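final_24.cif (mmCIF, C-alpha atoms and all ligand atoms) appears below.
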```cif
data_input
#
loop_
_atom_site.label_atom_id
_atom_site.label_comp_id
_atom_site.auth_asym_id
_atom_site.auth_seq_id
_atom_site.Cartn_x
_atom_site.Cartn_y
_atom_site.Cartn_z
CA MET A 1 -27.86 13.58 29.36
CA ASP A 2 -26.14 16.98 29.50
CA LEU A 3 -28.65 19.09 31.42
CA SER A 4 -32.21 19.32 32.64
CA VAL A 5 -34.56 22.28 32.79
CA GLU A 6 -37.56 22.42 35.10
CA GLY A 7 -40.66 24.61 35.06
CA LYS A 8 -44.23 24.76 33.81
CA VAL A 9 -43.53 23.27 30.43
CA TYR A 10 -45.81 23.66 27.42
CA VAL A 11 -46.14 20.09 26.08
CA ASN A 12 -48.84 18.87 23.69
CA GLY A 13 -50.94 21.98 24.14
CA VAL A 14 -50.96 22.08 27.96
CA PHE A 15 -48.70 23.27 30.77
CA GLU A 16 -47.24 20.58 33.02
CA GLN A 17 -44.83 20.94 35.89
CA ALA A 18 -42.02 18.93 34.30
CA CYS A 19 -38.32 18.61 33.46
CA ILE A 20 -36.82 18.67 29.99
CA GLY A 21 -33.75 16.51 29.49
CA VAL A 22 -31.25 17.70 26.90
CA GLU A 23 -28.44 15.85 25.17
CA ASN A 24 -26.30 17.16 22.33
CA GLY A 25 -28.61 20.12 21.93
CA LYS A 26 -31.73 17.99 21.48
CA ILE A 27 -34.66 17.26 23.76
CA VAL A 28 -34.33 13.61 24.75
CA GLU A 29 -36.72 13.32 27.68
CA ILE A 30 -39.69 15.09 29.27
CA LYS A 31 -40.47 13.76 32.73
CA LYS A 32 -41.94 14.81 36.06
CA ILE A 33 -38.57 14.37 37.75
CA LEU A 34 -35.15 14.55 36.12
CA LYS A 35 -32.10 15.92 37.79
CA GLU A 36 -28.88 16.14 35.85
CA ASP A 37 -25.75 17.66 37.44
CA GLU A 38 -26.54 20.75 35.44
CA HIS A 39 -30.12 21.47 36.44
CA PHE A 40 -32.02 24.72 36.00
CA ASP A 41 -35.13 25.07 38.11
CA PHE A 42 -37.48 27.84 36.98
CA GLY A 43 -40.15 27.00 39.54
CA ASN A 44 -43.57 27.84 38.20
CA LYS A 45 -42.35 30.08 35.38
CA LEU A 46 -43.58 29.10 31.92
CA ILE A 47 -41.35 27.27 29.46
CA LEU A 48 -42.51 27.70 25.87
CA PRO A 49 -40.91 26.78 22.55
CA ALA A 50 -38.69 29.53 21.14
CA GLY A 51 -40.02 31.26 18.03
CA VAL A 52 -38.91 30.82 14.42
CA ASP A 53 -39.05 33.99 12.31
CA VAL A 54 -39.25 33.09 8.63
CA HIS A 55 -38.92 36.72 7.46
CA VAL A 56 -36.09 39.07 8.48
CA HIS A 57 -33.85 41.54 6.66
CA PHE A 58 -30.54 41.63 8.55
CA ARG A 59 -28.92 43.89 5.91
CA ASP A 60 -25.68 41.95 5.92
CA PRO A 61 -23.74 42.36 3.67
CA GLY A 62 -23.95 45.86 2.29
CA MET A 63 -26.04 47.96 4.69
CA LEU A 64 -24.27 47.48 7.97
CA HIS A 65 -25.25 50.95 9.15
CA LYS A 66 -28.87 49.66 9.38
CA GLU A 67 -28.21 46.24 10.94
CA ASP A 68 -25.79 43.32 10.80
CA PHE A 69 -26.05 39.64 11.55
CA TYR A 70 -24.83 40.16 15.12
CA THR A 71 -27.15 43.02 16.14
CA GLY A 72 -30.11 41.52 14.27
CA SER A 73 -29.61 38.14 15.90
CA VAL A 74 -29.15 39.62 19.39
CA ALA A 75 -32.45 41.44 18.85
CA ALA A 76 -34.05 38.17 17.72
CA VAL A 77 -32.98 36.09 20.70
CA SER A 78 -33.79 38.89 23.16
CA GLY A 79 -37.33 38.59 21.83
CA GLY A 80 -37.48 34.80 22.16
CA ILE A 81 -36.61 33.87 18.56
CA SER A 82 -34.05 31.06 18.19
CA CYS A 83 -33.92 30.82 14.42
CA VAL A 84 -34.33 33.37 11.62
CA PHE A 85 -34.53 33.22 7.84
CA ASP A 86 -32.90 36.12 6.07
CA MET A 87 -34.18 37.76 2.89
CA PRO A 88 -32.01 38.22 -0.19
CA ASN A 89 -32.32 42.00 -0.77
CA THR A 90 -28.87 42.77 0.58
CA ILE A 91 -25.97 44.40 -1.30
CA PRO A 92 -24.97 42.43 -3.29
CA PRO A 93 -28.26 40.53 -3.46
CA ALA A 94 -28.25 36.86 -2.49
CA ASN A 95 -29.16 35.59 -5.93
CA SER A 96 -26.07 33.59 -6.82
CA VAL A 97 -24.24 30.66 -5.29
CA GLU A 98 -21.24 32.89 -4.51
CA CYS A 99 -23.33 35.48 -2.65
CA LEU A 100 -25.17 32.79 -0.72
CA ASP A 101 -21.82 31.23 0.22
CA ASP A 102 -20.61 34.60 1.48
CA LYS A 103 -23.77 35.11 3.50
CA ILE A 104 -23.47 31.67 5.10
CA LYS A 105 -19.95 32.66 6.19
CA ILE A 106 -21.17 36.01 7.54
CA GLY A 107 -23.95 34.36 9.54
CA ASN A 108 -21.66 31.65 10.89
CA ARG A 109 -19.21 34.31 12.02
CA LYS A 110 -21.69 36.76 13.54
CA SER A 111 -25.05 35.24 14.38
CA VAL A 112 -26.10 34.28 17.91
CA VAL A 113 -29.22 32.50 16.66
CA ASP A 114 -29.51 29.68 14.14
CA PHE A 115 -30.27 30.93 10.68
CA GLY A 116 -31.31 30.03 7.19
CA LEU A 117 -31.24 31.98 3.93
CA TYR A 118 -33.44 32.57 0.93
CA ALA A 119 -32.13 32.90 -2.58
CA GLY A 120 -33.61 35.79 -4.55
CA VAL A 121 -35.16 34.71 -7.82
CA THR A 122 -35.35 37.22 -10.67
CA ASN A 123 -36.17 36.84 -14.35
CA ASP A 124 -32.48 36.20 -14.98
CA ASN A 125 -31.71 33.33 -12.66
CA ILE A 126 -34.77 31.06 -12.87
CA ASP A 127 -32.68 28.50 -14.71
CA LYS A 128 -30.12 28.53 -11.90
CA ILE A 129 -32.60 27.40 -9.22
CA GLU A 130 -31.10 23.91 -9.12
CA GLY A 131 -27.68 25.32 -8.23
CA LEU A 132 -29.04 27.88 -5.75
CA ASN A 133 -30.94 25.08 -4.08
CA GLU A 134 -27.66 23.67 -2.74
CA LYS A 135 -27.10 26.81 -0.68
CA CYS A 136 -30.49 28.07 0.49
CA ASN A 137 -33.54 27.09 2.53
CA GLY A 138 -36.06 28.56 0.16
CA PHE A 139 -36.62 31.16 -2.55
CA LYS A 140 -37.91 34.74 -2.45
CA VAL A 141 -39.77 36.41 -5.25
CA TYR A 142 -40.88 40.06 -5.44
CA LEU A 143 -43.95 40.50 -7.64
CA GLY A 144 -44.05 44.22 -6.83
CA SER A 145 -41.34 46.79 -6.08
CA SER A 146 -40.34 47.28 -2.50
CA THR A 147 -37.17 48.43 -0.74
CA LEU A 148 -34.20 47.17 -2.80
CA SER A 149 -36.39 44.48 -4.24
CA LEU A 150 -35.38 42.07 -6.95
CA LEU A 151 -38.32 42.34 -9.34
CA PHE A 152 -39.83 39.32 -11.02
CA ASP A 153 -42.11 39.28 -14.04
CA LYS A 154 -45.33 37.37 -13.38
CA LYS A 155 -45.28 35.90 -16.87
CA ASN A 156 -42.44 33.67 -15.61
CA LEU A 157 -44.44 32.30 -12.68
CA HIS A 158 -45.24 28.99 -14.29
CA ARG A 159 -41.60 28.26 -15.11
CA LEU A 160 -40.60 29.32 -11.60
CA LEU A 161 -43.07 27.01 -9.88
CA ASP A 162 -42.02 24.09 -12.07
CA LYS A 163 -38.40 24.54 -11.06
CA VAL A 164 -39.13 25.19 -7.39
CA SER A 165 -41.39 22.16 -7.06
CA LEU A 166 -38.39 19.94 -7.84
CA THR A 167 -36.49 21.31 -4.84
CA GLY A 168 -39.13 20.59 -2.17
CA LYS A 169 -38.28 23.97 -0.63
CA PRO A 170 -40.71 26.86 -0.17
CA VAL A 171 -40.99 29.88 -2.43
CA LEU A 172 -42.04 33.05 -0.63
CA PHE A 173 -43.83 35.86 -2.43
CA HIS A 174 -44.02 39.58 -1.85
CA ALA A 175 -47.45 39.69 -3.45
CA GLU A 176 -48.28 43.19 -4.67
CA ASP A 177 -48.88 43.37 -8.42
CA GLU A 178 -46.31 45.62 -10.10
CA GLU A 179 -48.61 46.80 -12.93
CA CYS A 180 -51.25 47.69 -10.36
CA LEU A 181 -48.72 49.61 -8.27
CA ILE A 182 -47.57 51.57 -11.32
CA GLU A 183 -51.19 52.41 -12.14
CA HIS A 184 -51.69 53.93 -8.68
CA LYS A 185 -48.39 55.79 -8.48
CA MET A 186 -48.53 59.40 -7.21
CA VAL A 187 -46.59 61.74 -4.95
CA GLU A 188 -46.91 60.56 -1.37
CA LYS A 189 -47.04 62.95 1.52
CA ASN A 190 -48.35 60.69 4.29
CA LEU A 191 -49.51 57.22 5.24
CA SER A 192 -52.91 57.63 3.73
CA ASP A 193 -51.27 58.51 0.36
CA HIS A 194 -49.05 55.46 0.73
CA LEU A 195 -52.19 53.40 1.18
CA SER A 196 -53.73 54.94 -1.95
CA CYS A 197 -50.57 54.12 -3.90
CA ARG A 198 -50.60 50.52 -2.77
CA PRO A 199 -54.33 49.70 -2.49
CA ALA A 200 -55.63 46.30 -1.39
CA VAL A 201 -56.58 45.52 -4.98
CA CYS A 202 -52.86 45.26 -5.87
CA GLU A 203 -52.41 42.61 -3.21
CA GLU A 204 -55.60 40.88 -4.27
CA VAL A 205 -54.65 40.70 -7.95
CA SER A 206 -51.20 39.40 -7.12
CA ILE A 207 -52.37 36.72 -4.67
CA LYS A 208 -55.06 35.60 -7.12
CA ASN A 209 -52.40 35.21 -9.74
CA VAL A 210 -50.09 33.16 -7.53
CA LEU A 211 -52.96 30.97 -6.34
CA SER A 212 -54.19 30.19 -9.81
CA MET A 213 -50.64 29.35 -10.91
CA SER A 214 -50.02 27.11 -7.91
CA GLN A 215 -53.07 25.03 -8.60
CA GLY A 216 -51.87 21.72 -9.94
CA SER A 217 -48.30 22.50 -8.91
CA ASN A 218 -46.49 20.73 -6.10
CA ALA A 219 -44.46 23.80 -5.24
CA LYS A 220 -44.60 24.85 -1.59
CA VAL A 221 -45.92 28.42 -1.86
CA HIS A 222 -45.91 31.00 0.93
CA ILE A 223 -47.50 34.46 0.62
CA CYS A 224 -45.66 36.93 2.85
CA HIS A 225 -47.17 39.69 4.95
CA VAL A 226 -50.84 39.52 3.90
CA SER A 227 -52.25 42.91 4.86
CA SER A 228 -55.83 43.26 3.59
CA CYS A 229 -59.28 41.72 4.08
CA GLU A 230 -59.31 41.03 0.35
CA GLY A 231 -56.05 39.08 0.52
CA LEU A 232 -57.24 37.20 3.56
CA GLU A 233 -60.53 36.22 1.93
CA LEU A 234 -58.66 34.68 -1.00
CA LEU A 235 -56.46 32.65 1.29
CA LYS A 236 -59.03 31.31 3.70
CA GLY A 237 -59.33 27.59 3.07
CA HIS A 238 -56.30 27.62 0.79
CA LEU A 239 -54.77 24.41 -0.55
CA GLY A 240 -52.32 22.30 1.43
CA ASN A 241 -49.26 23.42 -0.52
CA VAL A 242 -50.03 27.12 0.14
CA SER A 243 -49.41 29.01 3.38
CA PHE A 244 -49.43 32.66 4.30
CA GLY A 245 -47.98 35.00 6.86
CA VAL A 246 -49.20 38.07 8.72
CA THR A 247 -46.98 40.62 10.49
CA PRO A 248 -47.37 42.23 13.92
CA HIS A 249 -47.54 45.71 12.36
CA HIS A 250 -50.41 44.83 10.00
CA SER A 251 -52.39 43.02 12.68
CA LEU A 252 -51.84 45.60 15.47
CA LEU A 253 -51.61 49.00 13.76
CA ASN A 254 -54.01 50.91 11.54
CA VAL A 255 -53.73 54.05 9.52
CA GLU A 256 -56.57 55.96 11.22
CA LYS A 257 -54.75 55.84 14.53
CA LYS A 258 -52.44 58.75 15.25
CA LEU A 259 -49.16 57.13 14.41
CA GLY A 260 -46.56 59.77 15.27
CA PHE A 261 -44.00 60.75 12.64
CA GLN A 262 -45.54 59.20 9.56
CA SER A 263 -42.54 57.98 7.61
CA PHE A 264 -41.57 55.72 10.52
CA TYR A 265 -44.69 53.70 9.72
CA LYS A 266 -44.09 53.60 5.98
CA VAL A 267 -43.88 49.94 5.05
CA ASN A 268 -44.81 47.64 2.17
CA PRO A 269 -47.50 46.49 1.97
CA PRO A 270 -48.88 49.55 3.76
CA ILE A 271 -50.52 49.66 7.16
CA ARG A 272 -54.21 49.69 6.29
CA THR A 273 -57.56 50.44 7.96
CA SER A 274 -58.80 49.30 11.36
CA PHE A 275 -61.10 46.98 9.44
CA ASP A 276 -58.13 45.20 7.84
CA LYS A 277 -56.21 45.15 11.10
CA GLU A 278 -59.07 43.55 12.98
CA ALA A 279 -59.71 41.00 10.26
CA LEU A 280 -56.03 40.00 10.40
CA PHE A 281 -55.98 39.73 14.16
CA ASN A 282 -59.20 37.71 14.17
CA ALA A 283 -57.78 35.44 11.51
CA ILE A 284 -54.76 34.73 13.75
CA ASN A 285 -57.17 34.03 16.58
CA ASN A 286 -59.41 31.76 14.55
CA GLY A 287 -56.65 29.60 13.18
CA PHE A 288 -56.74 30.86 9.57
CA VAL A 289 -53.27 32.38 9.64
CA ASP A 290 -50.40 29.96 9.24
CA ILE A 291 -47.50 32.11 10.33
CA LEU A 292 -46.70 35.30 12.19
CA GLU A 293 -43.58 36.77 10.58
CA SER A 294 -41.88 39.99 11.63
CA ASP A 295 -40.64 41.27 8.23
CA HIS A 296 -37.96 42.92 10.40
CA ALA A 297 -36.84 45.67 7.99
CA PRO A 298 -34.63 48.12 9.90
CA HIS A 299 -33.75 51.57 8.55
CA THR A 300 -31.94 54.16 10.67
CA MET A 301 -33.65 57.10 12.36
CA GLU A 302 -31.80 59.46 10.01
CA GLU A 303 -33.04 57.57 6.96
CA LYS A 304 -36.62 57.59 8.22
CA ASN A 305 -36.62 61.14 9.56
CA VAL A 306 -37.03 62.76 6.12
CA ASP A 307 -39.86 63.84 3.82
CA PHE A 308 -42.37 61.03 3.46
CA ASP A 309 -41.95 60.43 -0.27
CA VAL A 310 -38.20 59.83 -0.03
CA ALA A 311 -38.22 57.75 3.19
CA PRO A 312 -37.46 54.04 2.72
CA SER A 313 -40.21 51.51 3.51
CA GLY A 314 -39.83 49.02 6.33
CA VAL A 315 -40.14 48.72 10.10
CA PRO A 316 -38.13 46.67 12.63
CA GLY A 317 -39.94 43.93 14.57
CA VAL A 318 -37.98 40.76 15.26
CA GLU A 319 -37.46 41.57 18.96
CA THR A 320 -40.97 42.76 19.77
CA MET A 321 -43.11 40.16 17.94
CA TYR A 322 -43.20 37.32 20.48
CA PRO A 323 -43.29 39.69 23.53
CA LEU A 324 -46.22 41.74 22.11
CA PHE A 325 -48.25 38.62 21.41
CA LEU A 326 -47.35 37.04 24.76
CA TYR A 327 -48.85 40.10 26.37
CA LEU A 328 -52.02 39.65 24.30
CA VAL A 329 -52.18 36.04 25.49
CA LYS A 330 -51.79 37.21 29.05
CA LYS A 331 -54.72 39.59 28.51
CA GLY A 332 -56.86 36.78 27.12
CA PHE A 333 -56.99 38.03 23.50
CA LEU A 334 -55.24 34.95 22.14
CA SER A 335 -54.60 31.38 23.30
CA PHE A 336 -51.20 29.78 23.90
CA GLN A 337 -52.19 27.21 21.37
CA ARG A 338 -52.65 29.80 18.61
CA LEU A 339 -49.56 31.72 19.66
CA THR A 340 -47.23 28.71 19.53
CA SER A 341 -48.79 27.54 16.28
CA VAL A 342 -48.17 30.82 14.39
CA LEU A 343 -44.80 31.63 15.98
CA CYS A 344 -43.22 28.22 16.47
CA THR A 345 -44.73 25.08 14.94
CA ARG A 346 -45.96 26.30 11.56
CA PRO A 347 -42.93 28.46 10.70
CA ALA A 348 -40.60 25.57 11.59
CA GLU A 349 -42.64 23.31 9.30
CA LEU A 350 -42.50 25.77 6.40
CA VAL A 351 -38.72 25.91 6.37
CA GLY A 352 -38.23 22.31 7.53
CA VAL A 353 -36.29 22.78 10.77
CA SER A 354 -36.55 20.56 13.80
CA LYS A 355 -37.52 23.41 16.08
CA GLY A 356 -40.62 25.15 17.41
CA CYS A 357 -41.91 22.32 19.59
CA ILE A 358 -41.06 21.01 23.05
CA ASP A 359 -40.98 17.32 22.31
CA LYS A 360 -38.45 14.52 22.09
CA GLY A 361 -36.19 14.77 19.06
CA PHE A 362 -36.57 18.53 18.56
CA ASP A 363 -33.79 21.07 19.15
CA ALA A 364 -33.75 22.24 22.77
CA ASP A 365 -34.86 25.77 21.90
CA PHE A 366 -37.13 27.26 24.52
CA ILE A 367 -37.91 30.45 26.38
CA VAL A 368 -38.66 31.10 30.03
CA VAL A 369 -41.47 33.54 30.72
CA ASP A 370 -43.09 35.03 33.77
CA LEU A 371 -46.40 36.57 32.72
CA LYS A 372 -46.29 38.88 35.73
CA GLU A 373 -43.12 40.48 34.33
CA GLU A 374 -44.81 43.00 32.10
CA ARG A 375 -42.56 45.67 30.56
CA ARG A 376 -43.11 48.65 28.30
CA ILE A 377 -41.28 48.44 24.99
CA ARG A 378 -38.56 51.12 24.90
CA SER A 379 -36.22 51.64 21.96
CA ASP A 380 -33.39 52.16 24.42
CA ASN A 381 -33.75 48.59 25.66
CA LEU A 382 -33.93 47.01 22.20
CA HIS A 383 -30.93 45.62 20.32
CA SER A 384 -31.45 46.41 16.65
CA LYS A 385 -28.96 48.91 15.25
CA CYS A 386 -31.81 51.05 13.94
CA GLY A 387 -32.60 52.38 17.42
CA TRP A 388 -36.38 52.77 17.17
CA THR A 389 -39.58 50.74 17.12
CA PRO A 390 -43.12 51.32 15.83
CA PHE A 391 -44.30 49.87 19.18
CA GLU A 392 -42.69 52.36 21.56
CA ASP A 393 -44.39 52.20 24.96
CA TRP A 394 -46.56 49.18 24.16
CA PRO A 395 -46.84 46.68 27.01
CA ALA A 396 -45.11 43.35 26.39
CA VAL A 397 -43.73 40.25 28.09
CA PHE A 398 -40.09 39.52 27.27
CA PRO A 399 -38.48 36.15 28.00
CA SER A 400 -36.00 36.28 30.89
CA CYS A 401 -34.11 33.24 29.61
CA VAL A 402 -33.69 31.73 26.16
CA PHE A 403 -32.11 28.35 25.39
CA ILE A 404 -30.88 27.43 21.93
CA ARG A 405 -29.77 23.81 21.42
CA GLY A 406 -29.64 23.49 25.20
CA GLU A 407 -27.33 26.50 25.69
CA LYS A 408 -28.46 29.43 27.75
CA VAL A 409 -28.17 32.23 25.20
CA ILE A 410 -30.12 34.77 27.25
CA ASP A 411 -30.03 34.74 31.04
CA ASP A 412 -31.78 37.37 33.11
CA TYR A 413 -32.44 39.33 29.89
CA GLU A 414 -28.70 39.44 29.06
CA ILE A 415 -26.84 37.82 26.19
CA GLN A 416 -24.50 34.99 27.30
CA VAL A 417 -22.85 33.77 24.11
CA SER A 418 -20.47 35.38 21.68
CA LYS A 419 -20.73 36.08 17.98
CA GLY A 420 -20.88 32.94 15.91
CA PHE A 421 -22.82 30.76 18.35
CA GLY A 422 -25.59 30.56 15.76
CA ARG A 423 -25.41 27.94 13.05
CA PHE A 424 -26.55 27.77 9.48
CA VAL A 425 -29.42 25.28 9.60
CA GLY A 426 -28.20 23.60 6.43
CA VAL A 427 -30.09 22.89 3.29
C1 LIG A 501 -38.52 45.58 3.12
C2 LIG A 501 -37.09 46.09 3.31
O1 LIG A 501 -36.88 47.21 3.79
O2 LIG A 501 -36.16 45.31 3.01
N1 LIG A 501 -39.41 46.70 3.26
C3 LIG A 501 -40.71 46.65 3.59
O3 LIG A 501 -41.35 47.69 3.54
N2 LIG A 501 -41.30 45.53 3.99
C4 LIG A 501 -38.67 44.93 1.79
C5 LIG A 501 -39.87 44.01 1.72
O4 LIG A 501 -39.85 42.92 2.28
O5 LIG A 501 -40.85 44.33 1.06
ZN ZN A 502 -42.03 42.19 1.26
ZN ZN A 503 -39.63 41.67 3.84
#
```
Structure rendered as C-alpha cells:
Amino acid sequence: MDLSVEGKVYVNGVFEQACIGVENGKIVEIKKILKEDEHFDFGNKLILPAGVDVHVHFRDPGMLHKEDFYTGSVAAVSGGISCVFDMPNTIPPANSVECLDDKIKIGNRKSVVDFGLYAGVTNDNIDKIEGLNEKCNGFKVYLGSSTLSLLFDKKNLHRLLDKVSLTGKPVLFHAEDEECLIEHKMVEKNLSDHLSCRPAVCEEVSIKNVLSMSQGSNAKVHICHVSSCEGLELLKGHLGNVSFGVTPHHSLLNVEKKLGFQSFYKVNPPIRTSFDKEALFNAINNGFVDILESDHAPHTMEEKNVDFDVAPSGVPGVETMYPLFLYLVKKGFLSFQRLTSVLCTRPAELVGVSKGCIDKGFDADFIVVDLKEERRIRSDNLHSKCGWTPFEDWPAVFPSCVFIRGEKVIDDYEIQVSKGFGRFVGV
C-alpha cells in the first residue's frame, strides 16, 4: 500500500472513524486501523467522496480570455470536484476527431483534475458518431440556441438515438425547443424579459419530444439543466435509460429576488420563479433529481457588464457547487446521502468512471471537510478566470484538502500539483 488516510469516513451511507488504504491511486482497503509510512490523520474531520461535474465549459481552445483548462480545473478541485466533463462549444467546436484529439492534448497538458469530453453532434456529423465515439465520453446535442451552440434539428432525433445507442455512451441534451424560442423572441432588457423569451413551455415541449423519442431506444439519455416545474413533472418517474440534471443556480436563485446587475444572471435556460426554484430544490431533496451539474459557463466581467440584450448567457459555478450544498447539509436542508448521490455517485455512473464512491476498487478521490469551517464566497478567493460569481457572499463550506488518485491536490486550501496532473479518463 502507498498511503493511508484517516478521519470520519463516509462509507455505505454512514460516517465511521476509519482509515482508507490507497495503492496505485485506488482505494484498496477501508479499516479501523491502518498505518502506512505515509499516513494522513484528519482526526474527526469528515472525508467524503470528491464530486464529479458532468457539465462544464472550460473554453479551451478558442476563448482563453474567459477560462482555460488550467484555471477551470483549479477552480474545480478547489471546490471538491476531482473530475469534469467538458462541453463541445469551444472554438473550433469539438465535433470532429481532430478537434477532440486536440482537446485531449490540451487537457492532458493543463488540467489538474481528471477530465472527459463530449463530442458535439450537429445535423452534419450524425453519421460520424462511430468515429467520434473513439475519442469522447459522450455526446452533446443542442435542441435550442444558446451561447455558441451547435444547433441540431429535432427531425434527426430518431437517427441520432439509433447511432448513439450502439456506443453505450450517454447523449446529453440542452432541451429548449428552437421553434418555441423563435416564437417568443423579443428585445430583452432584463431577466424577466429573458424569462418571457425562454418560457417553461419551450423546455417542456423539448423534453417531451426527447422522452417520446427515447421510448423503445436503448440510448442513454441525459437532459441537462432542467429549470422548470413543467420539465420536472415530465421527468419524475422517468425510464431507466433517462436521467436529468439540475444546476445550483436554478435550484438556489429566482428571478423575483433582487439579483444585482441583471446581465450577470443571464443564463440558458433562464433563472425562473421562486416556485420553480423550490420545486427543483425539493426534487433534489426527495431523490427525484439524478445529478447536480454546475453548467460552469464563465464569461468575463467586461463581457457581462453591458446592455442586457447583448450580454452572453452563462454563469460560472464549478467551484461553488459542492461548497454551497455542503453548507445546506450542515444547516439540515439536505442529507449527506442525497448530496453524495447527486454530486458523486450518479454523475460517475452516467459517464462510466470509477469515481464518486469511497469503496474498494474506486479511484482514491476524496475531500476533507470541517463543517465548522464556514466561509463566505468571495470572487477574490475563487480561481476561475472570469473573476465573479452569482453567489457572492453566500455562506459555504470549502474542502481544506482534496485527494485525486491518492495524491494530495489541495492541501490547506492551496493547490499542490502542477499543470497536467489531471488525466483524460479514456473512452
Ligand atoms: C452556456 C455557455 O456559455 O457555453 N451558456 C449557458 O447559458 N448555459 C451554453 C449552454 O450550455 O447552454
Ligand atoms: Zn445548455
Ligand atoms: Zn452548458
With all atoms listed in the file as the counted atoms, please give the residues lying no more than 10 Å from Arg272 (chain A), apart from itself and same-chain residues fewer than 2 positions off, as a VMD selection string. chain A and resid 191 to 192 194 to 196 198 to 200 227 to 229 249 to 251 253 to 256 269 to 270 274 to 277
Residues at most 9 Å from region 112-114 of chain A, counting all atoms listed in the file, excluding those fewer than 4 positions away in the same chain, as a PyMOL selection string? chain A and resi 69-71+73-74+76-77+81-85+107-108+404+409+417-425
Could you please extract the residues within 9 Å of ligand LIG 501 (chain A), counting all atoms listed in the file, and hand them back as a PyMOL selection string? chain A and resi 55-59+87-90+142+144-149+174+224-225+266-270+295-299+312-316
In Å, how far is it from CA of Leu151 (chain A) to CA of Asp127 (chain A)?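 Rounded to one decimal, the two atoms are 15.9 Å apart.
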In terms of the shortest atom-to-atom distance over all atoms listed in the file, which of A:Glu176, A:Asp101, A:Asp363, A:Asp68 is closest to Ile20 (chain A)?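 Closest to Ile20 (chain A), using all atoms listed in the file: A:Asp363.
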If you measure from CA of Ser214 (chain A) to CA of Lys355 (chain A), what distance in Å do you get, rounded to one decimal?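 Between CA of Ser214 (chain A) and CA of Lys355 (chain A) the gap is 27.3 Å.
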Which polymer residues have any atom within 10 Å of an atom of Val306 (chain A), counting all atoms listed in the file, with same-chain residues fewer than 5 positions away left out, as a PyMOL selection string? chain A and resi 261-264+301+311-312
Hey, can you check how far CA of Val164 (chain A) sits from CA of Thr345 (chain A)? 23.0 Å
